[in-house]
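Structure file target20.txt (compact mmCIF, N, CA and C atoms and all ligand atoms) is printed below.
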```txt
# COMPACT_ATOMS: atom_id res chain seq x y z
N MET H 5 0.85 -1.19 0.00
CA MET H 5 0.00 0.00 0.00
C MET H 5 0.89 1.25 0.00
N SER H 6 0.57 2.22 -0.85
CA SER H 6 1.37 3.44 -0.87
C SER H 6 1.01 4.33 0.33
N LEU H 7 1.92 5.23 0.67
CA LEU H 7 1.64 6.17 1.77
C LEU H 7 0.42 7.02 1.42
N GLN H 8 0.28 7.33 0.12
CA GLN H 8 -0.86 8.14 -0.32
C GLN H 8 -2.19 7.43 -0.04
N SER H 9 -2.25 6.14 -0.38
CA SER H 9 -3.48 5.37 -0.12
C SER H 9 -3.73 5.25 1.37
N LEU H 10 -2.65 5.02 2.14
CA LEU H 10 -2.79 4.89 3.59
C LEU H 10 -3.32 6.20 4.18
N ALA H 11 -2.75 7.33 3.74
CA ALA H 11 -3.20 8.64 4.25
C ALA H 11 -4.66 8.88 3.88
N ALA H 12 -5.06 8.47 2.68
CA ALA H 12 -6.46 8.66 2.25
C ALA H 12 -7.40 7.81 3.11
N THR H 13 -6.97 6.58 3.43
CA THR H 13 -7.78 5.71 4.30
C THR H 13 -7.93 6.34 5.68
N ILE H 14 -6.82 6.85 6.21
CA ILE H 14 -6.86 7.48 7.55
C ILE H 14 -7.80 8.68 7.53
N GLU H 15 -7.69 9.49 6.48
CA GLU H 15 -8.55 10.69 6.34
C GLU H 15 -10.02 10.27 6.31
N ALA H 16 -10.30 9.18 5.59
CA ALA H 16 -11.69 8.69 5.45
C ALA H 16 -12.23 8.17 6.78
N ARG H 17 -11.32 7.79 7.71
CA ARG H 17 -11.77 7.26 9.00
C ARG H 17 -12.18 8.36 9.99
N LYS H 18 -11.84 9.64 9.65
CA LYS H 18 -12.24 10.74 10.53
C LYS H 18 -13.75 10.76 10.63
N GLY H 19 -14.27 10.67 11.82
CA GLY H 19 -15.72 10.72 11.99
C GLY H 19 -16.40 9.37 11.80
N ALA H 20 -15.62 8.32 11.49
CA ALA H 20 -16.22 6.98 11.36
C ALA H 20 -16.51 6.42 12.75
N ASP H 21 -17.30 5.37 12.79
CA ASP H 21 -17.68 4.74 14.06
C ASP H 21 -16.45 4.09 14.70
N PRO H 22 -16.06 4.54 15.90
CA PRO H 22 -14.87 3.99 16.58
C PRO H 22 -14.95 2.48 16.81
N GLU H 23 -16.15 1.92 16.82
CA GLU H 23 -16.29 0.47 17.00
C GLU H 23 -15.92 -0.29 15.73
N SER H 24 -15.91 0.42 14.59
CA SER H 24 -15.71 -0.26 13.31
C SER H 24 -14.28 -0.19 12.80
N SER H 25 -13.43 0.63 13.45
CA SER H 25 -12.11 0.87 12.89
C SER H 25 -11.11 1.28 13.98
N TRP H 26 -9.91 0.68 13.92
CA TRP H 26 -8.85 1.04 14.88
C TRP H 26 -8.48 2.52 14.71
N THR H 27 -8.39 2.96 13.45
CA THR H 27 -8.01 4.36 13.18
C THR H 27 -9.03 5.32 13.77
N ALA H 28 -10.31 5.03 13.54
CA ALA H 28 -11.38 5.89 14.07
C ALA H 28 -11.34 5.90 15.59
N LYS H 29 -11.05 4.74 16.17
CA LYS H 29 -10.99 4.61 17.63
C LYS H 29 -9.85 5.48 18.20
N LEU H 30 -8.70 5.42 17.52
CA LEU H 30 -7.53 6.19 17.96
C LEU H 30 -7.79 7.69 17.77
N LEU H 31 -8.35 8.07 16.64
CA LEU H 31 -8.64 9.50 16.38
C LEU H 31 -9.64 10.04 17.40
N ALA H 32 -10.60 9.18 17.81
CA ALA H 32 -11.63 9.61 18.77
C ALA H 32 -11.02 9.90 20.14
N LYS H 33 -9.84 9.30 20.41
CA LYS H 33 -9.19 9.52 21.72
C LYS H 33 -8.40 10.83 21.76
N GLY H 34 -8.24 11.48 20.58
CA GLY H 34 -7.59 12.79 20.55
C GLY H 34 -6.13 12.75 20.15
N PRO H 35 -5.59 13.93 19.79
CA PRO H 35 -4.21 14.03 19.29
C PRO H 35 -3.15 13.59 20.31
N GLU H 36 -3.44 13.76 21.61
CA GLU H 36 -2.45 13.38 22.62
C GLU H 36 -2.23 11.86 22.61
N LYS H 37 -3.34 11.10 22.53
CA LYS H 37 -3.23 9.63 22.49
C LYS H 37 -2.54 9.18 21.21
N ALA H 38 -2.88 9.83 20.09
CA ALA H 38 -2.23 9.48 18.81
C ALA H 38 -0.73 9.74 18.90
N ALA H 39 -0.36 10.85 19.54
CA ALA H 39 1.06 11.18 19.70
C ALA H 39 1.76 10.15 20.58
N GLN H 40 1.08 9.74 21.64
CA GLN H 40 1.66 8.73 22.54
C GLN H 40 1.90 7.41 21.80
N LYS H 41 0.91 6.99 20.99
CA LYS H 41 1.05 5.73 20.23
C LYS H 41 2.21 5.85 19.24
N PHE H 42 2.32 7.01 18.57
CA PHE H 42 3.42 7.22 17.63
C PHE H 42 4.77 7.06 18.36
N GLY H 43 4.87 7.67 19.54
CA GLY H 43 6.10 7.58 20.32
C GLY H 43 6.45 6.14 20.66
N GLU H 44 5.43 5.37 21.07
CA GLU H 44 5.66 3.96 21.43
C GLU H 44 6.16 3.16 20.22
N GLU H 45 5.49 3.39 19.09
CA GLU H 45 5.87 2.63 17.88
C GLU H 45 7.26 3.02 17.40
N ALA H 46 7.58 4.32 17.49
CA ALA H 46 8.91 4.79 17.06
C ALA H 46 9.99 4.14 17.93
N ILE H 47 9.73 4.04 19.22
CA ILE H 47 10.72 3.42 20.12
C ILE H 47 10.89 1.94 19.78
N GLU H 48 9.76 1.26 19.46
CA GLU H 48 9.86 -0.15 19.07
C GLU H 48 10.70 -0.31 17.80
N ALA H 49 10.55 0.64 16.86
CA ALA H 49 11.35 0.59 15.63
C ALA H 49 12.83 0.83 15.95
N ILE H 50 13.10 1.77 16.84
CA ILE H 50 14.48 2.06 17.25
C ILE H 50 15.12 0.80 17.85
N VAL H 51 14.38 0.12 18.70
CA VAL H 51 14.90 -1.10 19.35
C VAL H 51 15.28 -2.14 18.30
N GLU H 52 14.40 -2.32 17.30
CA GLU H 52 14.67 -3.33 16.25
C GLU H 52 15.84 -2.90 15.38
N ALA H 53 15.98 -1.59 15.14
CA ALA H 53 17.11 -1.10 14.33
C ALA H 53 18.42 -1.37 15.07
N ILE H 54 18.41 -1.19 16.37
CA ILE H 54 19.62 -1.43 17.16
C ILE H 54 19.94 -2.93 17.19
N LYS H 55 18.87 -3.75 17.36
CA LYS H 55 19.08 -5.20 17.41
C LYS H 55 19.53 -5.76 16.07
N GLY H 56 19.07 -5.11 14.98
CA GLY H 56 19.45 -5.56 13.64
C GLY H 56 18.57 -6.67 13.09
N ASP H 57 17.34 -6.79 13.64
CA ASP H 57 16.40 -7.79 13.11
C ASP H 57 15.63 -7.14 11.96
N ARG H 58 16.01 -7.49 10.72
CA ARG H 58 15.48 -6.81 9.54
C ARG H 58 13.96 -6.92 9.42
N ALA H 59 13.43 -8.14 9.58
CA ALA H 59 11.98 -8.37 9.42
C ALA H 59 11.19 -7.60 10.48
N ARG H 60 11.68 -7.64 11.72
CA ARG H 60 11.00 -6.92 12.82
C ARG H 60 11.07 -5.42 12.58
N LEU H 61 12.22 -4.94 12.04
CA LEU H 61 12.36 -3.50 11.77
C LEU H 61 11.36 -3.06 10.70
N ILE H 62 11.19 -3.87 9.66
CA ILE H 62 10.22 -3.54 8.60
C ILE H 62 8.83 -3.43 9.21
N SER H 63 8.47 -4.38 10.06
CA SER H 63 7.16 -4.39 10.68
C SER H 63 6.95 -3.16 11.58
N GLU H 64 7.94 -2.86 12.40
CA GLU H 64 7.82 -1.72 13.31
C GLU H 64 7.89 -0.39 12.55
N ALA H 65 8.65 -0.35 11.45
CA ALA H 65 8.71 0.87 10.63
C ALA H 65 7.34 1.14 10.01
N ALA H 66 6.67 0.06 9.57
CA ALA H 66 5.32 0.22 8.99
C ALA H 66 4.36 0.75 10.06
N ASP H 67 4.43 0.18 11.27
CA ASP H 67 3.58 0.67 12.38
C ASP H 67 3.86 2.15 12.65
N THR H 68 5.15 2.51 12.61
CA THR H 68 5.55 3.89 12.92
C THR H 68 5.01 4.87 11.86
N LEU H 69 5.14 4.50 10.58
CA LEU H 69 4.64 5.38 9.51
C LEU H 69 3.13 5.56 9.63
N TYR H 70 2.43 4.45 9.89
CA TYR H 70 0.96 4.52 10.06
C TYR H 70 0.61 5.46 11.21
N HIS H 71 1.26 5.27 12.36
CA HIS H 71 0.92 6.09 13.53
C HIS H 71 1.38 7.54 13.37
N LEU H 72 2.44 7.79 12.59
CA LEU H 72 2.84 9.18 12.28
C LEU H 72 1.72 9.87 11.50
N LEU H 73 1.17 9.17 10.50
CA LEU H 73 0.10 9.76 9.69
C LEU H 73 -1.17 9.98 10.50
N VAL H 74 -1.47 9.04 11.42
CA VAL H 74 -2.66 9.23 12.28
C VAL H 74 -2.46 10.44 13.20
N MET H 75 -1.26 10.54 13.79
CA MET H 75 -0.98 11.68 14.68
C MET H 75 -1.12 13.00 13.92
N CYS H 76 -0.57 13.06 12.71
CA CYS H 76 -0.67 14.30 11.92
C CYS H 76 -2.12 14.58 11.53
N ALA H 77 -2.86 13.52 11.14
CA ALA H 77 -4.27 13.69 10.77
C ALA H 77 -5.07 14.25 11.95
N ALA H 78 -4.70 13.83 13.16
CA ALA H 78 -5.41 14.30 14.36
C ALA H 78 -5.23 15.80 14.55
N ARG H 79 -4.18 16.36 13.94
CA ARG H 79 -3.94 17.82 13.99
C ARG H 79 -4.18 18.47 12.62
N ASP H 80 -4.91 17.75 11.76
CA ASP H 80 -5.24 18.24 10.42
C ASP H 80 -4.02 18.59 9.57
N VAL H 81 -2.95 17.84 9.77
CA VAL H 81 -1.77 17.94 8.90
C VAL H 81 -1.83 16.76 7.95
N THR H 82 -1.81 17.06 6.64
CA THR H 82 -1.97 15.98 5.65
C THR H 82 -0.61 15.52 5.11
N LEU H 83 -0.63 14.35 4.45
CA LEU H 83 0.58 13.87 3.79
C LEU H 83 1.02 14.89 2.75
N GLY H 84 0.05 15.55 2.09
CA GLY H 84 0.36 16.60 1.11
C GLY H 84 1.14 17.74 1.75
N ASP H 85 0.77 18.12 2.96
CA ASP H 85 1.50 19.19 3.68
C ASP H 85 2.95 18.76 3.92
N ILE H 86 3.14 17.50 4.30
CA ILE H 86 4.49 17.00 4.61
C ILE H 86 5.31 16.92 3.31
N GLU H 87 4.65 16.44 2.25
CA GLU H 87 5.35 16.34 0.96
C GLU H 87 5.77 17.73 0.46
N ALA H 88 4.91 18.73 0.68
CA ALA H 88 5.24 20.09 0.24
C ALA H 88 6.47 20.59 0.98
N GLU H 89 6.57 20.26 2.27
CA GLU H 89 7.74 20.67 3.06
C GLU H 89 9.00 19.95 2.56
N LEU H 90 8.85 18.65 2.25
CA LEU H 90 10.00 17.90 1.73
C LEU H 90 10.44 18.46 0.37
N GLU H 91 9.45 18.85 -0.44
CA GLU H 91 9.75 19.41 -1.76
C GLU H 91 10.51 20.73 -1.61
N ARG H 92 10.10 21.54 -0.62
CA ARG H 92 10.75 22.82 -0.38
C ARG H 92 12.23 22.60 -0.06
N ARG H 93 12.52 21.48 0.61
CA ARG H 93 13.90 21.20 1.02
C ARG H 93 14.72 20.54 -0.08
N GLU H 94 14.02 20.06 -1.13
CA GLU H 94 14.68 19.27 -2.17
C GLU H 94 15.83 20.07 -2.79
N GLY H 95 16.94 19.40 -3.01
CA GLY H 95 18.07 20.04 -3.68
C GLY H 95 18.97 20.79 -2.73
N ARG H 96 18.55 20.88 -1.46
CA ARG H 96 19.43 21.54 -0.50
C ARG H 96 20.03 20.48 0.41
N SER H 97 21.34 20.37 0.35
CA SER H 97 22.02 19.36 1.16
C SER H 97 21.79 19.60 2.64
N GLY H 98 21.61 18.53 3.38
CA GLY H 98 21.46 18.63 4.83
C GLY H 98 22.67 19.29 5.47
N LEU H 99 23.84 19.09 4.87
CA LEU H 99 25.07 19.70 5.42
C LEU H 99 25.02 21.21 5.25
N ASP H 100 24.54 21.68 4.05
CA ASP H 100 24.42 23.13 3.80
C ASP H 100 23.41 23.75 4.76
N GLU H 101 22.29 23.03 4.95
CA GLU H 101 21.23 23.54 5.83
C GLU H 101 21.75 23.69 7.25
N LYS H 102 22.52 22.71 7.69
CA LYS H 102 23.08 22.74 9.06
C LYS H 102 24.07 23.90 9.19
N ALA H 103 24.90 24.08 8.17
CA ALA H 103 25.90 25.15 8.20
C ALA H 103 25.22 26.52 8.25
N ALA H 104 24.08 26.67 7.54
CA ALA H 104 23.38 27.95 7.49
C ALA H 104 22.77 28.29 8.85
N ARG H 105 22.54 27.25 9.67
CA ARG H 105 21.91 27.47 10.98
C ARG H 105 22.90 28.03 12.00
N SER H 106 24.19 27.70 11.83
CA SER H 106 25.15 28.11 12.87
C SER H 106 25.86 29.41 12.50
N1 LIG V 201 -1.37 0.21 8.89
C1 LIG V 201 -2.20 0.05 9.79
C2 LIG V 201 -1.81 -0.29 11.12
N2 LIG V 201 -0.59 -0.52 11.67
C3 LIG V 201 -0.83 -0.81 12.97
N3 LIG V 201 -2.15 -0.79 13.22
C4 LIG V 201 -2.85 -1.12 14.47
O1 LIG V 201 -2.29 -0.38 15.50
C5 LIG V 201 -2.56 -1.05 16.72
C6 LIG V 201 -1.36 -0.84 17.60
O2 LIG V 201 -0.96 -2.00 18.16
P1 LIG V 201 -0.55 -2.08 19.68
O3 LIG V 201 -0.27 -3.50 19.92
O4 LIG V 201 0.50 -1.06 19.97
O5 LIG V 201 -1.90 -1.57 20.35
P2 LIG V 201 -2.73 -2.23 21.46
O6 LIG V 201 -1.83 -2.86 22.44
O7 LIG V 201 -3.78 -3.08 20.83
O8 LIG V 201 -3.37 -0.90 22.04
P3 LIG V 201 -3.04 -0.14 23.37
O9 LIG V 201 -3.84 -0.86 24.42
O10 LIG V 201 -1.55 -0.19 23.59
O11 LIG V 201 -3.52 1.26 23.12
C7 LIG V 201 -2.90 -2.48 16.40
O12 LIG V 201 -4.25 -2.70 16.71
C8 LIG V 201 -2.66 -2.57 14.89
O13 LIG V 201 -3.59 -3.38 14.23
C9 LIG V 201 -2.79 -0.46 12.10
N4 LIG V 201 -4.12 -0.30 11.85
C10 LIG V 201 -4.47 0.04 10.61
N5 LIG V 201 -3.58 0.20 9.56
C11 LIG V 201 -4.03 0.58 8.19
O14 LIG V 201 -5.20 1.36 8.30
C12 LIG V 201 -6.24 0.76 7.57
C13 LIG V 201 -7.57 1.07 8.24
O15 LIG V 201 -7.67 0.37 9.45
P4 LIG V 201 -8.99 0.50 10.33
O16 LIG V 201 -9.06 1.95 10.71
O17 LIG V 201 -8.82 -0.38 11.52
O18 LIG V 201 -10.13 0.11 9.45
C14 LIG V 201 -5.91 -0.71 7.51
O19 LIG V 201 -6.52 -1.33 6.42
C15 LIG V 201 -4.41 -0.65 7.36
O20 LIG V 201 -4.08 -0.39 6.02
```
Let's see the structure in the file written out as structure tokens.
Ligand SMILES: N=c1c2ncn([C@@H]3O[C@H](COP(=O)(O)OP(=O)(O)OP(=O)(O)O)[C@@H](O)[C@H]3O)c2ncn1[C@@H]1O[C@H](COP(=O)(O)O)[C@@H](O)[C@H]1O
Amino acid sequence: MSLQSLAATIEARKGADPESSWTAKLLAKGPEKAAQKFGEEAIEAIVEAIKGDRARLISEAADTLYHLLVMCAARDVTLGDIEAELERREGRSGLDEKAARS
């Protein structure tokens, strides 16, 4: 599934019956709960990256991306908004950006 399709599914779950969908249930609990779940999943991905278990890392990375999109949706930030920010940064080396900050 592409990130675009996943983001569209999450968007469609806004206002859906929390009994019918995990996403709707999480969104109904508010942005703080979505942020907490994202943090938990990110830590699980970090643990797998450190351990070096490739299959577990793929699984936890997928959970993390899903929960990142839910957390952003809870604050009405869309994948399009994030892509626009990434596009703005395109072509500028991270090293140049860091140097410009100091
Ligand atoms: N990608 C995901 C996805 N990744 C993880 N999860 C769910 O996220 C939950 C997190 O798991 P945890 O074990 O951390 O949660 P838990 O222990 O059950 O909950 P807590 O008690 O800790 O709060 C699990 O229930 C997973 O099923 C996801 N749920 C949904 N999706 C996608 O979203 C679509 C819509 O799902 P629904 O909204 O459920 O229809 C699905 O078709 C998928 O494509």
*Best match for closeness to Glu87 in chain H among H:Ile62, H:Ala11, H:Met5, H:Lys33, counting only C-alpha atoms*: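 Once distances to Glu87 in chain H are computed over only C-alpha atoms, the minimum belongs to H:Ala11.
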Across H:Ser25, H:Ser106, H:Thr82, H:Thr68, the smallest distance to ligand LIG 201 (chain V), with only C-alpha atoms and all ligand atoms counted, is shown by H:Ser25
Using all atoms listed in the file, the shortest atom-to-atom distance to ligand LIG 201 (chain V) among H:Leu69, H:Leu83, H:Ile50, H:Ala39 belongs to H:Leu69
* Once you count only C-alpha atoms and all ligand atoms, which residues end up within 8 Å of ligand LIG 201 (chain V), and could you hand them over as a PyMOL selection string? -> chain H and resi 5+10+13-14+17+24-29+41+44-45+66-71
N, CA and C atoms of the current selection, written as a compact mmCIF listing (two decimals), in the coordinates of the input:
```txt
# COMPACT_ATOMS: atom_id res chain seq x y z
N MET H 5 0.85 -1.19 0.00
CA MET H 5 0.00 0.00 0.00
C MET H 5 0.89 1.25 0.00
N LEU H 10 -2.65 5.02 2.14
CA LEU H 10 -2.79 4.89 3.59
C LEU H 10 -3.32 6.20 4.18
N THR H 13 -6.97 6.58 3.43
CA THR H 13 -7.78 5.71 4.30
C THR H 13 -7.93 6.34 5.68
N ILE H 14 -6.82 6.85 6.21
CA ILE H 14 -6.86 7.48 7.55
C ILE H 14 -7.80 8.68 7.53
N ARG H 17 -11.32 7.79 7.71
CA ARG H 17 -11.77 7.26 9.00
C ARG H 17 -12.18 8.36 9.99
N SER H 24 -15.91 0.42 14.59
CA SER H 24 -15.71 -0.26 13.31
C SER H 24 -14.28 -0.19 12.80
N SER H 25 -13.43 0.63 13.45
CA SER H 25 -12.11 0.87 12.89
C SER H 25 -11.11 1.28 13.98
N TRP H 26 -9.91 0.68 13.92
CA TRP H 26 -8.85 1.04 14.88
C TRP H 26 -8.48 2.52 14.71
N THR H 27 -8.39 2.96 13.45
CA THR H 27 -8.01 4.36 13.18
C THR H 27 -9.03 5.32 13.77
N ALA H 28 -10.31 5.03 13.54
CA ALA H 28 -11.38 5.89 14.07
C ALA H 28 -11.34 5.90 15.59
N LYS H 29 -11.05 4.74 16.17
CA LYS H 29 -10.99 4.61 17.63
C LYS H 29 -9.85 5.48 18.20
N LYS H 41 0.91 6.99 20.99
CA LYS H 41 1.05 5.73 20.23
C LYS H 41 2.21 5.85 19.24
N GLU H 44 5.43 5.37 21.07
CA GLU H 44 5.66 3.96 21.43
C GLU H 44 6.16 3.16 20.22
N GLU H 45 5.49 3.39 19.09
CA GLU H 45 5.87 2.63 17.88
C GLU H 45 7.26 3.02 17.40
N ALA H 66 6.67 0.06 9.57
CA ALA H 66 5.32 0.22 8.99
C ALA H 66 4.36 0.75 10.06
N ASP H 67 4.43 0.18 11.27
CA ASP H 67 3.58 0.67 12.38
C ASP H 67 3.86 2.15 12.65
N THR H 68 5.15 2.51 12.61
CA THR H 68 5.55 3.89 12.92
C THR H 68 5.01 4.87 11.86
N LEU H 69 5.14 4.50 10.58
CA LEU H 69 4.64 5.38 9.51
C LEU H 69 3.13 5.56 9.63
N TYR H 70 2.43 4.45 9.89
CA TYR H 70 0.96 4.52 10.06
C TYR H 70 0.61 5.46 11.21
N HIS H 71 1.26 5.27 12.36
CA HIS H 71 0.92 6.09 13.53
C HIS H 71 1.38 7.54 13.37
```
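The interatomic distance for the pair atom N of Ser63 in chain H and CA of Leu31 in chain H works out to 22.9 Å.
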Expressed in Å, the length from atom C of Gln40 in chain H to atom C of Val74 in chain H is 10.1 Å
Report task. Tell me, in Å to one decimal, how far CA of Lys18 in chain H is from atom C of Leu73 in chain H. Result ->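 The value is 11.1 Å.
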Sel. of alpha helix (DSSP H) residues, chain H, as JSON, numbers by chain: {"H": [7, 8, 9, 10, 11, 12, 13, 14, 15, 16, 17, 26, 27, 28, 29, 30, 31, 32, 35, 36, 37, 38, 39, 40, 41, 42, 43, 44, 45, 46, 47, 48, 49, 50, 51, 52, 53, 54, 55, 58, 59, 60, 61, 62, 63, 64, 65, 66, 67, 68, 69, 70, 71, 72, 73, 74, 75, 76, 77, 78, 83, 84, 85, 86, 87, 88, 89, 90, 91, 92, 93, 98, 99, 100, 101, 102, 103, 104, 105]}
